[in-house]
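Trainee: One structure is given below, represented as structure tokens, and several questions about it will come after.
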Amino acid sequence: MKILGIDPGLGIVGYSIVEYDGETPVLLHSGSVQTHKDAREASRLLEIFNDMTSIVETYKPDCAAIEKLFFFRNRTTVMPVAHARGVILTVLEKFGVPIYEYTPMEVKQVLTGYGRADKKEVEQMVKLSLGVEALPKLDDTVDAIAIAICHTRSNVIR
């Protein structure tokens, strides 16, 4: 099963493609969609739409695991992130990719056993889960990998 993990954002969308055979997750590919902060929001959303379309067409995931928005401290960023997330969900729906949503707290709980784990603890568990020494530098990409791994451990695919 190929899982597309997604950490949505307007400036940066982290994504990962994780293969899961029922036992061990394997990272096939990861990266980010980065939009220019000075571009109009509509232009940035179109870029996300086009890039996510290309990712889905290229990797043909069996399902997608995406971060669910449930609380935001910064009110100025919640709407643009929600718009970007809506565009991503539209692409997934267009291609018939089943969508599974996880809050950041759920991802942390599943990976570390503690819903308020910090970034370093999550990164360490991602490394252990994949059996790798190093991860991509971008936090958004690592978060997308963590979201995909969280899905491998969900009751949905058991």
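Chain labels A, B, ... are given in the sequence in which chains occur in the structure tokens; within each chain residues are numbered consecutively from 1, and ligands are likewise numbered from 1 in the order shown.
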Sort by chain and increasing residue number a table of all residues of region 22-57 of chain A within 12 Å of region 118-128 of chain A, each with its closest pair of atoms and their distance in Å to one decimal, counting only C-alpha atoms, and write it as JSON lines.
Mentor:
```
{"residue": "A:Thr24", "atom": "CA", "partner": "A:Leu128", "partner_atom": "CA", "distance": 10.8}
{"residue": "A:Pro25", "atom": "CA", "partner": "A:Val126", "partner_atom": "CA", "distance": 10.0}
{"residue": "A:Val26", "atom": "CA", "partner": "A:Val126", "partner_atom": "CA", "distance": 10.8}
{"residue": "A:Leu27", "atom": "CA", "partner": "A:Val126", "partner_atom": "CA", "distance": 10.3}
```
Trainee: For Val87 (chain A), please output as a VMD selection string all residues within 10 Å (counting only C-alpha atoms; exclusion window: fewer than 6 positions along the same chain).
Mentor: chain A and resid 8 45 to 50 52 81 93
Trainee: Compile the contact shell of Ala146 (chain A) as an mmCIF file with C-alpha atoms, in the first residue's frame: residues with an atom at most 8 Å away, counting only C-alpha atoms, same-chain residues fewer than 3 positions apart removed.
Mentor:
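Written file, around23.cif:
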```
data_model
loop_
_atom_site.group_PDB
_atom_site.id
_atom_site.type_symbol
_atom_site.label_atom_id
_atom_site.label_comp_id
_atom_site.auth_asym_id
_atom_site.auth_seq_id
_atom_site.Cartn_x
_atom_site.Cartn_y
_atom_site.Cartn_z
ATOM 1 C CA GLY A 5 1.432 11.762 3.859
ATOM 2 C CA VAL A 107 0.218 11.681 15.328
ATOM 3 C CA LEU A 111 4.360 7.641 17.234
ATOM 4 C CA VAL A 122 8.742 12.679 16.871
ATOM 5 C CA GLU A 123 11.807 12.857 14.590
ATOM 6 C CA VAL A 126 10.269 8.507 12.562
ATOM 7 C CA VAL A 142 9.320 15.195 8.366
ATOM 8 C CA ASP A 143 5.808 15.927 9.643
ATOM 9 C CA ILE A 149 3.588 6.405 9.527
ATOM 10 C CA CYS A 150 0.738 7.259 11.903
#
```
Trainee: Tell me, as an MDAnalysis selection string, which residues lie within 12 Å of Pro104 (chain A), counting only C-alpha atoms; anything in the same chain fewer than 3 positions away does not count.
Mentor: chainID A and resid 6:8 65:72 101 107:112 114:119 122 143:144 146:147 150
Trainee: Please compute the CA of Gly22 (chain A)-CA of Thr90 (chain A) distance, one decimal, in Å.
Mentor: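 According to the coordinates, CA of Gly22 (chain A) and CA of Thr90 (chain A) are separated by 28.1 Å.
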Trainee: From a DSSP calculation on the backbone, collect every residue of chain A in strand (DSSP E) and output the set as a PyMOL selection string.
Mentor: chain A and resi 2-7+12-20+25-34+63-67+99-102
Trainee: As a list in words, please: the residues near Asp140 (chain A) (cut-off 8 Å, only C-alpha atoms, same-chain neighbours under 4 positions excluded).
Mentor: Asp7, Ile12, Val13, Gly14, Tyr15, Ser32 and Ala144 of chain A
Trainee: Please identify the alpha helix (DSSP H) residues within region 3-158 of chain A (assignment by DSSP from backbone atoms) and present them as an NGL selection string.
Mentor: :A and (41-59 or 75-94 or 104-112 or 119-130 or 139-152)
Trainee: Quick one: write out the picked residues with C-alpha atoms as a CSV table (one decimal), in the first residue's frame?
Mentor:
```
chain,number,residue,atom,x,y,z
A,41,GLU,CA,-3.0,33.8,-2.5
A,42,ALA,CA,-5.0,32.5,-5.4
A,43,SER,CA,-1.8,32.0,-7.4
A,44,ARG,CA,-0.2,30.2,-4.5
A,45,LEU,CA,-3.3,27.9,-4.2
A,46,LEU,CA,-3.2,27.2,-7.9
A,47,GLU,CA,0.5,26.2,-7.6
A,48,ILE,CA,-0.4,23.8,-4.8
A,49,PHE,CA,-3.2,22.4,-6.8
A,50,ASN,CA,-1.0,21.8,-9.8
A,51,ASP,CA,1.9,20.3,-7.8
A,52,MET,CA,-0.3,18.0,-5.8
A,53,THR,CA,-2.0,16.9,-9.0
A,54,SER,CA,1.4,16.0,-10.4
A,55,ILE,CA,2.4,14.1,-7.2
A,56,VAL,CA,-0.8,12.1,-7.2
A,57,GLU,CA,-0.4,11.3,-10.9
A,58,THR,CA,3.2,10.3,-10.5
A,59,TYR,CA,3.0,8.2,-7.4
A,75,ARG,CA,-5.4,33.4,13.8
A,76,THR,CA,-3.7,35.1,10.8
A,77,THR,CA,-2.5,31.8,9.4
A,78,VAL,CA,-5.4,29.5,10.0
A,79,MET,CA,-7.5,30.7,7.0
A,80,PRO,CA,-4.7,30.4,4.4
A,81,VAL,CA,-3.7,27.0,5.8
A,82,ALA,CA,-7.4,25.9,5.6
A,83,HIS,CA,-7.6,27.2,2.0
A,84,ALA,CA,-4.5,25.2,1.1
A,85,ARG,CA,-5.8,22.1,2.8
A,86,GLY,CA,-9.1,22.5,0.9
A,87,VAL,CA,-7.2,22.6,-2.4
A,88,ILE,CA,-5.3,19.5,-1.4
A,89,LEU,CA,-8.5,17.7,-0.4
A,90,THR,CA,-10.0,18.7,-3.8
A,91,VAL,CA,-7.1,17.1,-5.7
A,92,LEU,CA,-7.3,13.9,-3.6
A,93,GLU,CA,-11.1,13.7,-4.2
A,94,LYS,CA,-10.7,14.4,-7.9
A,104,PRO,CA,-1.0,16.7,15.4
A,105,MET,CA,-1.8,15.3,18.9
A,106,GLU,CA,-3.0,12.0,17.4
A,107,VAL,CA,0.2,11.7,15.3
A,108,LYS,CA,2.4,12.4,18.4
A,109,GLN,CA,0.4,9.9,20.5
A,110,VAL,CA,0.6,7.1,17.9
A,111,LEU,CA,4.4,7.6,17.2
A,112,THR,CA,5.7,8.4,20.7
A,119,LYS,CA,9.6,17.7,17.4
A,120,LYS,CA,12.8,15.9,18.4
A,121,GLU,CA,10.9,13.0,20.0
A,122,VAL,CA,8.7,12.7,16.9
A,123,GLU,CA,11.8,12.9,14.6
A,124,GLN,CA,13.5,10.1,16.6
A,125,MET,CA,10.5,7.8,16.3
A,126,VAL,CA,10.3,8.5,12.6
A,127,LYS,CA,13.9,7.5,12.2
A,128,LEU,CA,13.4,4.3,14.3
A,129,SER,CA,10.2,3.5,12.3
A,130,LEU,CA,12.0,3.8,9.0
A,139,ASP,CA,10.2,20.1,9.4
A,140,ASP,CA,7.1,20.1,7.1
A,141,THR,CA,8.5,17.1,5.2
A,142,VAL,CA,9.3,15.2,8.4
A,143,ASP,CA,5.8,15.9,9.6
A,144,ALA,CA,4.3,14.5,6.4
A,145,ILE,CA,6.4,11.3,6.9
A,146,ALA,CA,5.2,11.1,10.5
A,147,ILE,CA,1.6,11.5,9.4
A,148,ALA,CA,2.0,8.6,6.9
A,149,ILE,CA,3.6,6.4,9.5
A,150,CYS,CA,0.7,7.3,11.9
A,151,HIS,CA,-1.7,5.9,9.3
A,152,THR,CA,0.2,2.6,9.1
```
Trainee: Between CA of Pro61 (chain A) and CA of Thr35 (chain A), what is the distance, to one decimal in Å?
Mentor: 23.2 Å
Trainee: For a test of reading the model, state the distance in Å between CA of Val97 (chain A) and CA of Gly131 (chain A), rounded to one decimal.
Mentor: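 Atom-to-atom, CA of Val97 (chain A) to CA of Gly131 (chain A), that is 27.5 Å.
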Trainee: Which residue gives the smallest distance to Leu28 (chain A) among A:Thr103, A:Lys2, A:Ala64, A:Arg40, with only C-alpha atoms counted?
Mentor: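 With only C-alpha atoms as the atom set, the closest residue is A:Lys2.
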